[in-house]
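Undergrad: Provided herewith: query-v7.csv, CSV, C-alpha atoms.
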```csv
chain,number,residue,atom,x,y,z
A,1,MET,CA,20.1,-10.7,1.8
A,2,GLY,CA,19.0,-7.2,0.9
A,3,SER,CA,20.2,-5.1,-2.0
A,4,ALA,CA,21.8,-1.7,-1.5
A,5,ILE,CA,19.3,-0.2,-3.9
A,6,ALA,CA,15.8,0.5,-2.6
A,7,GLN,CA,12.9,0.0,-4.9
A,8,ASP,CA,9.3,1.3,-4.7
A,9,VAL,CA,5.9,-0.3,-5.2
A,10,LEU,CA,2.8,1.9,-5.2
A,11,ILE,CA,-0.2,0.0,-3.9
A,12,GLU,CA,-3.5,1.8,-4.4
A,13,ILE,CA,-6.4,0.5,-2.3
A,14,GLY,CA,-9.6,2.6,-2.0
A,15,ALA,CA,-8.1,5.3,-4.2
A,16,MET,CA,-5.4,5.8,-1.6
A,17,PRO,CA,-2.0,5.1,-3.1
A,18,VAL,CA,0.6,4.1,-0.5
A,19,LEU,CA,4.2,3.8,-1.6
A,20,VAL,CA,6.3,1.0,-0.1
A,21,ARG,CA,10.0,1.2,-0.4
A,22,THR,CA,12.3,-1.7,0.3
A,23,SER,CA,15.8,-2.8,-0.5
A,24,SER,CA,14.8,-6.5,-0.3
A,25,PRO,CA,14.3,-8.1,-3.7
A,26,GLU,CA,12.5,-11.0,-2.0
A,27,PHE,CA,10.1,-8.7,-0.2
A,28,LEU,CA,9.5,-6.7,-3.4
A,29,HIS,CA,8.5,-9.9,-5.1
A,30,ILE,CA,6.1,-10.8,-2.3
A,31,LEU,CA,4.5,-7.3,-2.6
A,32,ARG,CA,4.0,-7.6,-6.3
A,33,GLU,CA,2.6,-11.1,-6.0
A,34,ARG,CA,0.3,-10.2,-3.1
A,35,TYR,CA,-1.0,-6.8,-4.3
A,36,GLY,CA,-0.6,-7.3,-8.1
A,37,GLY,CA,-4.1,-6.0,-9.0
A,38,PHE,CA,-3.7,-3.0,-6.8
A,39,VAL,CA,-0.3,-1.8,-8.0
A,40,ASN,CA,-0.5,1.5,-9.7
A,41,SER,CA,2.8,3.0,-10.6
A,42,ALA,CA,1.3,6.2,-12.0
A,43,ALA,CA,-0.5,7.3,-8.8
A,44,GLN,CA,0.6,10.1,-6.4
A,45,PRO,CA,1.2,8.5,-3.0
A,46,VAL,CA,-0.7,9.8,0.1
A,47,PHE,CA,1.6,7.9,2.4
A,48,GLU,CA,5.1,6.4,2.2
A,49,PHE,CA,6.5,3.4,4.0
A,50,GLU,CA,10.1,2.4,4.3
A,51,VAL,CA,10.2,-1.3,5.1
A,52,GLU,CA,13.2,-2.8,6.7
A,53,ILE,CA,13.4,-6.5,6.6
A,54,VAL,CA,14.8,-8.0,9.8
A,55,ARG,CA,15.6,-11.5,10.9
A,56,PRO,CA,13.1,-13.2,13.1
A,57,GLY,CA,13.7,-11.9,16.6
A,58,GLY,CA,15.4,-8.8,15.2
A,59,ILE,CA,12.5,-6.3,15.5
A,60,PRO,CA,13.5,-3.3,17.6
A,61,ASP,CA,11.6,-3.0,20.9
A,62,ALA,CA,9.5,-6.0,19.9
A,63,ILE,CA,6.6,-6.7,22.3
A,64,GLY,CA,6.9,-10.4,21.6
A,65,ASP,CA,3.2,-11.5,21.4
A,66,ASP,CA,0.4,-11.7,18.9
A,67,ASP,CA,-1.7,-8.9,20.4
A,68,LEU,CA,-1.8,-5.7,18.3
A,69,SER,CA,-1.0,-2.5,20.1
A,70,VAL,CA,-1.7,0.9,18.4
A,71,ARG,CA,-0.9,4.1,20.3
A,72,PHE,CA,-0.2,7.7,19.5
A,73,GLU,CA,2.9,9.1,21.2
A,74,ALA,CA,5.1,12.1,20.5
A,75,GLY,CA,3.3,12.9,17.3
A,76,ARG,CA,3.6,9.4,15.8
A,77,TRP,CA,1.5,6.3,15.6
A,78,VAL,CA,3.3,3.3,17.0
A,79,LEU,CA,2.0,-0.1,15.8
A,80,GLU,CA,3.3,-3.2,17.4
A,81,ARG,CA,2.6,-6.9,17.1
A,82,GLY,CA,4.9,-9.9,17.6
A,83,ASP,CA,5.9,-10.0,13.9
A,84,PHE,CA,6.3,-6.3,13.2
A,85,ARG,CA,6.8,-2.8,14.6
A,86,ALA,CA,5.8,0.4,12.7
A,87,GLU,CA,6.2,4.0,13.4
A,88,LEU,CA,4.0,6.4,11.4
A,89,ASP,CA,4.2,10.2,11.2
A,90,PRO,CA,0.8,11.4,10.0
A,91,ALA,CA,2.1,15.0,9.5
A,92,LEU,CA,4.9,13.9,7.2
A,93,ARG,CA,2.8,11.0,5.8
A,94,HIS,CA,5.7,8.8,6.2
A,95,GLY,CA,6.3,5.6,8.2
A,96,ARG,CA,8.9,2.9,8.9
A,97,ILE,CA,8.2,-0.8,9.4
A,98,TRP,CA,10.5,-3.4,10.7
A,99,GLN,CA,9.3,-6.9,9.8
A,100,SER,CA,10.3,-10.2,8.4
A,101,ALA,CA,9.9,-10.8,4.7
A,102,THR,CA,6.3,-12.0,4.8
A,103,GLN,CA,3.0,-10.6,3.6
A,104,TYR,CA,1.2,-10.8,7.0
A,105,ALA,CA,2.9,-7.9,8.7
A,106,ILE,CA,2.5,-5.5,5.8
A,107,ASP,CA,-1.1,-6.6,5.4
A,108,ALA,CA,-1.8,-5.7,9.0
A,109,ALA,CA,0.0,-2.4,8.7
A,110,PHE,CA,-2.0,-1.5,5.6
A,111,ARG,CA,-5.3,-2.2,7.3
A,112,ILE,CA,-4.3,0.0,10.2
A,113,VAL,CA,-3.0,2.8,8.1
A,114,HIS,CA,-6.0,2.8,5.9
A,115,SER,CA,-8.3,2.8,8.9
A,116,LEU,CA,-6.5,5.8,10.3
A,117,LEU,CA,-6.4,7.7,7.0
A,118,LEU,CA,-10.1,6.9,6.3
A,119,ALA,CA,-11.3,7.9,9.8
A,120,LYS,CA,-10.8,11.6,9.1
A,121,GLN,CA,-12.4,11.4,5.7
A,122,GLY,CA,-15.7,9.8,6.8
A,123,GLY,CA,-14.7,6.4,5.4
A,124,LEU,CA,-14.6,3.0,7.1
A,125,LEU,CA,-13.1,-0.5,6.9
A,126,VAL,CA,-15.8,-3.0,7.8
A,127,HIS,CA,-15.7,-6.7,8.6
A,128,ALA,CA,-17.9,-7.5,5.6
A,129,ALA,CA,-17.9,-9.2,2.2
A,130,SER,CA,-18.8,-6.9,-0.6
A,131,VAL,CA,-20.0,-7.6,-4.1
A,132,VAL,CA,-21.0,-5.5,-7.2
A,133,ARG,CA,-24.1,-6.5,-9.1
A,134,ASN,CA,-25.7,-4.5,-11.8
A,135,GLY,CA,-23.4,-1.6,-11.1
A,136,ARG,CA,-24.3,-1.4,-7.4
A,137,ALA,CA,-22.4,-2.6,-4.4
A,138,PHE,CA,-23.8,-4.7,-1.6
A,139,LEU,CA,-22.1,-5.2,1.8
A,140,PHE,CA,-22.6,-8.4,3.9
A,141,ALA,CA,-21.4,-7.6,7.4
A,142,GLY,CA,-20.8,-9.9,10.3
A,143,VAL,CA,-18.2,-11.0,12.7
A,144,SER,CA,-16.2,-14.1,12.1
A,145,GLY,CA,-18.4,-17.1,11.3
A,146,ALA,CA,-21.4,-15.0,10.2
A,147,GLY,CA,-21.1,-16.2,6.6
A,148,LYS,CA,-19.1,-13.6,4.7
A,149,THR,CA,-17.1,-16.2,2.8
A,150,THR,CA,-20.2,-18.4,2.3
A,151,ILE,CA,-22.2,-15.6,0.8
A,152,SER,CA,-19.3,-14.7,-1.4
A,153,ARG,CA,-18.9,-18.3,-2.6
A,154,LEU,CA,-22.6,-18.4,-3.5
A,155,ALA,CA,-22.4,-15.3,-5.6
A,156,PRO,CA,-23.7,-15.7,-9.2
A,157,PRO,CA,-21.4,-15.4,-12.2
A,158,ASP,CA,-22.6,-11.8,-13.0
A,159,ALA,CA,-21.4,-10.6,-9.5
A,160,THR,CA,-18.0,-9.0,-9.0
A,161,LEU,CA,-16.3,-9.8,-5.7
A,162,LEU,CA,-14.8,-6.8,-4.0
A,163,THR,CA,-13.7,-8.8,-0.9
A,164,ASP,CA,-14.9,-11.7,1.3
A,165,GLU,CA,-13.4,-10.2,4.4
A,166,ILE,CA,-12.7,-6.5,4.7
A,167,SER,CA,-14.9,-4.0,2.9
A,168,TYR,CA,-13.6,-0.5,2.1
A,169,LEU,CA,-16.1,2.4,2.1
A,170,ARG,CA,-15.6,6.0,1.3
A,171,ARG,CA,-18.0,8.8,1.6
A,172,GLU,CA,-18.5,10.8,-1.5
A,173,ALA,CA,-20.9,13.6,-2.5
A,174,ASP,CA,-23.7,11.4,-3.5
A,175,GLY,CA,-23.4,8.7,-0.8
A,176,TYR,CA,-21.0,5.9,-0.1
A,177,VAL,CA,-18.8,4.0,-2.5
A,178,ALA,CA,-17.4,0.5,-2.0
A,179,TYR,CA,-13.9,-0.4,-3.3
A,180,GLY,CA,-12.3,-3.7,-3.9
A,181,THR,CA,-9.6,-4.7,-1.5
A,182,PRO,CA,-6.8,-7.3,-1.5
A,183,PHE,CA,-7.8,-8.3,2.1
A,184,ALA,CA,-9.1,-11.8,1.7
A,185,GLY,CA,-10.7,-14.2,4.2
A,186,GLU,CA,-11.2,-17.9,3.8
A,187,LEU,CA,-11.5,-17.5,0.0
A,188,ALA,CA,-7.8,-16.6,-0.1
A,189,GLN,CA,-8.6,-14.6,-3.2
A,190,PRO,CA,-8.1,-10.8,-3.4
A,191,GLY,CA,-11.1,-8.8,-4.5
A,192,GLU,CA,-11.4,-7.0,-7.9
A,193,ASN,CA,-9.9,-3.5,-8.0
A,194,VAL,CA,-13.1,-1.8,-8.9
A,195,ARG,CA,-15.6,0.5,-7.2
A,196,ALA,CA,-19.3,1.0,-7.1
A,197,PRO,CA,-21.9,3.1,-5.3
A,198,LEU,CA,-23.2,1.3,-2.1
A,199,ALA,CA,-26.8,0.3,-2.5
A,200,ALA,CA,-27.4,-1.6,0.8
A,201,LEU,CA,-25.7,-3.1,3.8
A,202,TYR,CA,-26.9,-6.5,5.0
A,203,LEU,CA,-26.3,-7.8,8.5
A,204,LEU,CA,-25.7,-11.5,8.0
A,205,ALA,CA,-27.5,-14.2,10.0
A,206,GLN,CA,-27.7,-17.9,9.1
A,207,GLY,CA,-31.1,-19.5,9.4
A,208,THR,CA,-33.5,-21.9,7.9
A,209,GLU,CA,-34.9,-19.7,5.1
A,210,ASN,CA,-33.8,-16.8,2.9
A,211,ARG,CA,-35.3,-13.6,4.2
A,212,ILE,CA,-34.7,-9.9,4.4
A,213,ASP,CA,-35.9,-7.9,7.4
A,214,PRO,CA,-35.7,-4.2,8.2
A,215,VAL,CA,-33.4,-3.1,11.0
A,216,ALA,CA,-34.1,0.0,13.1
A,217,GLU,CA,-31.5,2.7,12.8
A,218,ALA,CA,-30.3,2.5,16.4
A,219,ASP,CA,-29.9,-1.3,16.1
A,220,ALA,CA,-28.1,-0.8,12.8
A,221,LEU,CA,-25.7,1.6,14.5
A,222,ARG,CA,-24.9,-0.9,17.3
A,223,GLU,CA,-24.4,-3.8,14.9
A,224,VAL,CA,-22.4,-2.0,12.3
A,225,LEU,CA,-20.1,-0.5,15.0
A,226,ARG,CA,-19.3,-4.0,16.1
A,227,CYS,CA,-18.1,-4.8,12.6
A,228,VAL,CA,-15.9,-1.7,12.0
A,229,LEU,CA,-12.2,-2.2,12.0
A,230,PHE,CA,-10.7,0.4,14.3
A,231,PHE,CA,-7.5,0.0,16.2
A,232,ALA,CA,-6.7,3.3,17.9
A,233,HIS,CA,-8.1,4.5,21.2
A,234,ASP,CA,-7.9,8.1,20.3
A,235,SER,CA,-10.8,10.3,21.3
A,236,GLU,CA,-10.8,12.4,18.1
A,237,LEU,CA,-10.6,9.4,15.8
A,238,VAL,CA,-13.2,7.5,17.9
A,239,GLY,CA,-15.5,10.5,17.4
A,240,HIS,CA,-14.9,10.5,13.6
A,241,VAL,CA,-15.6,6.7,13.4
A,242,PHE,CA,-18.8,7.1,15.4
A,243,ASP,CA,-20.0,10.0,13.2
A,244,SER,CA,-19.1,8.0,10.1
A,245,VAL,CA,-21.2,5.0,11.2
A,246,CYS,CA,-24.1,7.3,12.2
A,247,ASN,CA,-24.0,8.9,8.7
A,248,LEU,CA,-23.8,5.5,7.0
A,249,VAL,CA,-26.8,4.0,8.8
A,250,GLN,CA,-28.8,7.1,8.1
A,251,ARG,CA,-27.9,7.2,4.4
A,252,VAL,CA,-27.7,3.6,3.3
A,253,PRO,CA,-30.4,1.0,3.8
A,254,VAL,CA,-29.3,-1.5,6.5
A,255,ARG,CA,-31.2,-4.8,6.6
A,256,ARG,CA,-30.9,-8.2,8.1
A,257,LEU,CA,-30.2,-11.0,5.6
A,258,THR,CA,-31.1,-14.4,7.0
A,259,PHE,CA,-29.9,-17.1,4.7
A,260,VAL,CA,-29.4,-20.8,4.2
A,261,PRO,CA,-26.1,-21.7,2.4
A,262,ASP,CA,-27.8,-22.0,-1.0
A,263,PHE,CA,-27.3,-19.9,-4.2
A,264,ARG,CA,-31.0,-19.0,-4.2
A,265,VAL,CA,-30.3,-16.3,-1.5
A,266,TRP,CA,-28.9,-14.2,-4.4
A,267,GLU,CA,-32.4,-14.0,-5.8
A,268,LEU,CA,-33.0,-11.5,-3.0
A,269,ILE,CA,-30.0,-9.3,-3.8
A,270,VAL,CA,-30.8,-7.2,-6.8
B,1,MET,CA,-28.4,19.0,50.8
B,2,SER,CA,-26.1,20.8,48.4
B,3,PRO,CA,-27.1,21.1,44.8
B,4,VAL,CA,-25.7,18.8,42.2
B,5,TYR,CA,-24.4,20.2,38.9
B,6,ILE,CA,-23.9,18.1,35.8
B,7,ALA,CA,-22.0,18.7,32.6
B,8,ARG,CA,-21.5,16.6,29.5
B,9,VAL,CA,-18.0,15.4,29.0
B,10,LYS,CA,-16.4,16.6,25.8
B,11,GLU,CA,-14.6,13.4,24.9
B,12,VAL,CA,-17.8,11.6,23.9
B,13,ALA,CA,-19.6,11.4,20.6
B,14,ALA,CA,-23.4,11.7,20.7
B,15,ARG,CA,-26.1,11.5,18.1
B,16,SER,CA,-29.8,11.0,18.1
B,17,ILE,CA,-30.4,8.0,15.9
B,18,GLY,CA,-33.9,6.6,15.2
B,19,GLY,CA,-35.3,8.5,18.3
B,20,GLU,CA,-32.6,7.1,20.6
B,21,MET,CA,-29.7,9.2,22.0
B,22,MET,CA,-26.6,7.1,21.3
B,23,ILE,CA,-23.4,8.1,23.1
B,24,MET,CA,-20.0,6.6,22.5
B,25,SER,CA,-17.2,7.0,25.1
B,26,ALA,CA,-14.0,8.0,23.3
B,27,ARG,CA,-12.1,6.6,26.2
B,28,ASP,CA,-13.0,3.0,25.7
B,29,SER,CA,-15.5,3.0,22.7
B,30,THR,CA,-18.3,1.8,24.9
B,31,LEU,CA,-21.7,2.6,23.4
B,32,PHE,CA,-24.6,3.9,25.5
B,33,SER,CA,-28.2,4.5,24.6
B,34,LEU,CA,-30.4,6.8,26.6
B,35,ASN,CA,-34.1,6.7,27.0
B,36,GLU,CA,-36.3,9.8,26.6
B,37,THR,CA,-36.0,10.9,30.2
B,38,ALA,CA,-32.2,10.3,30.3
B,39,THR,CA,-31.8,12.2,27.0
B,40,ALA,CA,-33.7,15.2,28.4
B,41,ILE,CA,-31.3,15.3,31.4
B,42,TRP,CA,-28.3,14.7,29.2
B,43,GLN,CA,-29.3,17.6,26.9
B,44,ALA,CA,-29.9,19.9,29.8
B,45,ALA,CA,-26.5,19.1,31.5
B,46,ASP,CA,-25.0,22.6,31.0
B,47,GLY,CA,-22.8,22.6,34.1
B,48,VAL,CA,-24.6,25.6,35.7
B,49,THR,CA,-28.2,24.4,36.2
B,50,PRO,CA,-28.7,22.4,39.3
B,51,LEU,CA,-29.9,18.8,38.7
B,52,SER,CA,-33.1,19.5,40.8
B,53,GLU,CA,-34.0,22.3,38.4
B,54,ILE,CA,-33.2,20.2,35.3
B,55,VAL,CA,-35.5,17.5,36.7
B,56,GLN,CA,-38.3,20.0,37.4
B,57,HIS,CA,-38.1,21.7,34.0
B,58,SER,CA,-37.0,19.0,31.6
B,59,VAL,CA,-38.5,15.9,33.2
B,60,CYS,CA,-41.5,16.7,35.4
B,61,ALA,CA,-42.8,19.3,33.0
B,62,ARG,CA,-42.7,16.8,30.1
B,63,PHE,CA,-43.3,13.4,31.6
B,64,GLU,CA,-46.0,12.3,34.1
B,65,VAL,CA,-43.8,11.5,37.0
B,66,ASP,CA,-43.7,12.1,40.7
B,67,PRO,CA,-41.1,14.9,41.4
B,68,ALA,CA,-39.4,13.1,44.3
B,69,THR,CA,-39.2,9.8,42.4
B,70,ALA,CA,-37.9,11.7,39.3
B,71,LEU,CA,-35.2,13.4,41.3
B,72,ARG,CA,-34.1,10.1,42.9
B,73,ASP,CA,-34.0,8.4,39.5
B,74,ALA,CA,-32.1,11.3,38.0
B,75,GLU,CA,-29.5,11.1,40.8
B,76,GLU,CA,-29.0,7.4,40.2
B,77,LEU,CA,-28.8,8.0,36.4
B,78,VAL,CA,-26.2,10.8,36.6
B,79,GLU,CA,-24.0,8.8,39.1
B,80,GLY,CA,-24.1,5.9,36.6
B,81,LEU,CA,-23.2,8.1,33.7
B,82,ALA,CA,-20.4,9.8,35.7
B,83,LYS,CA,-19.0,6.3,36.6
B,84,HIS,CA,-18.8,5.6,32.9
B,85,GLY,CA,-17.0,8.9,32.3
B,86,ILE,CA,-19.6,10.5,30.0
B,87,LEU,CA,-20.9,13.1,32.5
B,88,LYS,CA,-19.2,15.3,35.1
B,89,LEU,CA,-20.7,15.8,38.6
B,90,SER,CA,-19.9,18.5,41.0
B,91,ASP,CA,-21.4,20.3,44.0
B,92,GLN,CA,-20.3,23.6,42.4
B,93,PRO,CA,-21.2,25.0,38.9
B,94,ILE,CA,-18.8,23.4,36.4
B,95,GLU,CA,-16.8,25.8,34.4
B,96,GLU,CA,-16.5,25.1,30.7
B,97,THR,CA,-12.9,24.3,29.7
B,98,PRO,CA,-11.7,25.5,26.3
```
Could I get this file's structure written as structure tokens?
TA:
Amino acid sequence: MGSAIAQDVLIEIGAMPVLVRTSSPEFLHILRERYGGFVNSAAQPVFEFEVEIVRPGGIPDAIGDDDLSVRFEAGRWVLERGDFRAELDPALRHGRIWQSATQYAIDAAFRIVHSLLLAKQGGLLVHAASVVRNGRAFLFAGVSGAGKTTISRLAPPDATLLTDEISYLRREADGYVAYGTPFAGELAQPGENVRAPLAALYLLAQGTENRIDPVAEADALREVLRCVLFFAHDSELVGHVFDSVCNLVQRVPVRRLTFVPDFRVWELIV
Amino acid sequence: MSPVYIARVKEVAARSIGGEMMIMSARDSTLFSLNETATAIWQAADGVTPLSEIVQHSVCARFEVDPATALRDAEELVEGLAKHGILKLSDQPIEETP
């Protein structure tokens, strides 16, 4: 049962504060639990969401399956999955979401919104674990099963985990900066809300020894593109993402990290 | 045989990376990589120079290749690129659209 009074939560991921407004105390509680380390009430929002909690089956124009659809129509982004529908107006920086009171739908909506916002700023969301060590960030990219969670679990005590699933990269004047995200994989543990300059990106491969090999720029582009989260088939945004990945592989060392599931792999990451 | 004109499609993103021309179709995000010869043709695809001239000036003058074979290979290449929607083909010069 919702309250008549809407309340706000400001969730700042990657230095992009997004305000979520809901009149559901239950959902508000879920948001604060889920994104606790990323709540920043003092920030100025770059986007606002109104979330309307609906009963299962009560999502307007629901597509009724688990496939995600993202399309741009009549000046708005329309996001649809079986468990939510969202309409986002990029000009007004405002959106509405219809969903049940769970974290899964808002989590998906956040990933999509951040990927859309980042695309025009030269930033990227990447299927990668990321870790800060000695003040520098390292990304470990790979598709599902490549070892993102494994390499995260093996990280030494002096390492700070930014995420074991979705890495957040922004382009800044001196290069790329990795931010912590609440988007967790099998570790089921949000990353730390900190940032650090990106020192290297490793393409994960599991093998019989720990080894780092160079990767040619063109191969790096192909492989990193496969790991980038991007949902919209929009020609302008696809161009931005392509340019961003080209810039990334030209400015940041990309190497292949072959590893056995053993903590000694971290001796190579310094 | 009428001349063939070729023009790069605007809805693609292209960048030379590590010596390879990488092209991404904005329509379906497919990534293509062109070899040196294909890159020379792609870069010369201005919509107004016939393909035969492009092959003569940009391929035969730079690579050791038989002109007839080069033209045949180029025709195959541009047809393939056109099928993927990253190049336009016409028997008339292709006007640049704003």
Undergrad: Identify, on the basis of only C-alpha atoms, every residue whose closest approach to Ile23 (chain B) does not exceed 12 Å; exclude the query and any residue fewer than 6 positions from it along the same chain; express the result as an MDAnalysis selection string.
TA: (chainID A and resid 218 221:222 238:239 242:243 246) or (chainID B and resid 8:17 29:35 38:39 42:43 81 84:87)
Undergrad: Select, from A:Pro156, A:Gly207, A:Pro182, A:Pro253, the residue with the minimum atom-to-atom distance to Leu139 (chain A), counting all atoms listed in the file.
TA: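 Checking each candidate against Leu139 (chain A), we get A:Pro253 as the closest.
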Undergrad: Contacts of Val4 (chain B) at 6 Å or less, counting all atoms listed in the file, minus same-chain residues fewer than 6 places along, as a CSV table (one decimal) with C-alpha atoms, in the coordinates of the input?
TA:
```
chain,number,residue,atom,x,y,z
B,50,PRO,CA,-28.7,22.4,39.3
B,51,LEU,CA,-29.9,18.8,38.7
B,90,SER,CA,-19.9,18.5,41.0
B,91,ASP,CA,-21.4,20.3,44.0
```
Undergrad: Expressed in Å to a single decimal, how great is the separation between CA of Ser100 (chain A) and CA of Gly14 (chain A)?
TA: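 Value for the CA of Ser100 (chain A)-CA of Gly14 (chain A) distance: 25.8 Å.
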Undergrad: Any idea what the distance is between CA of Trp98 (chain A) and CA of Ser69 (chain A)?
TA: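 Atom-to-atom, CA of Trp98 (chain A) and CA of Ser69 (chain A) are spaced 14.9 Å apart.
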Undergrad: Mind giving me the straight-line distance from CA of Asp158 (chain A) to CA of Val270 (chain A) in Å, one decimal?
TA: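 Going from CA of Asp158 (chain A) over to CA of Val270 (chain A) covers 11.3 Å.
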Undergrad: Please return, as a PyMOL selection string, all residues of chain A lying within 12 Å of chain B when only C-alpha atoms are considered.
TA: chain A and resi 215-223+225-226+228+230-251
Undergrad: Applying 8 Å and only C-alpha atoms, which residues near region 67-69 of chain B remain after dropping the ones on its own chain fewer than 3 positions away? List them as a count of residues only.
TA: 5
Undergrad: Please provide as a ChimeraX atom specification all residues within 10 Å of Tyr168 (chain A), with the sequence filter that same-chain residues fewer than 4 positions apart are discarded (counting all atoms listed in the file).
TA: /A:13-14,111,114-115,118,123-130,139,162-163,177-181,183,195
Undergrad: Measuring atom to atom with all atoms listed in the file, identify which of B:Thr37, B:Tyr5, B:Ala82, B:Lys88 is nearest to Glu53 (chain B).
TA: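 Nearest candidate to Glu53 (chain B) out of B:Thr37, B:Tyr5, B:Ala82, B:Lys88: B:Tyr5.
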Undergrad: List the neighbours of region 83-85 of chain A out to 6 Å using only C-alpha atoms; skip same-chain residues closer than 5 positions along the sequence, and give me the result as a ChimeraX atom specification.
TA: /A:97-99,105
Undergrad: Which residue out of A:Lys120, A:Ile112, A:Pro197, A:Val265 has the minimum interatomic distance to Ala173 (chain A) when all atoms listed in the file are used?
TA: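 Closest candidate: A:Pro197.
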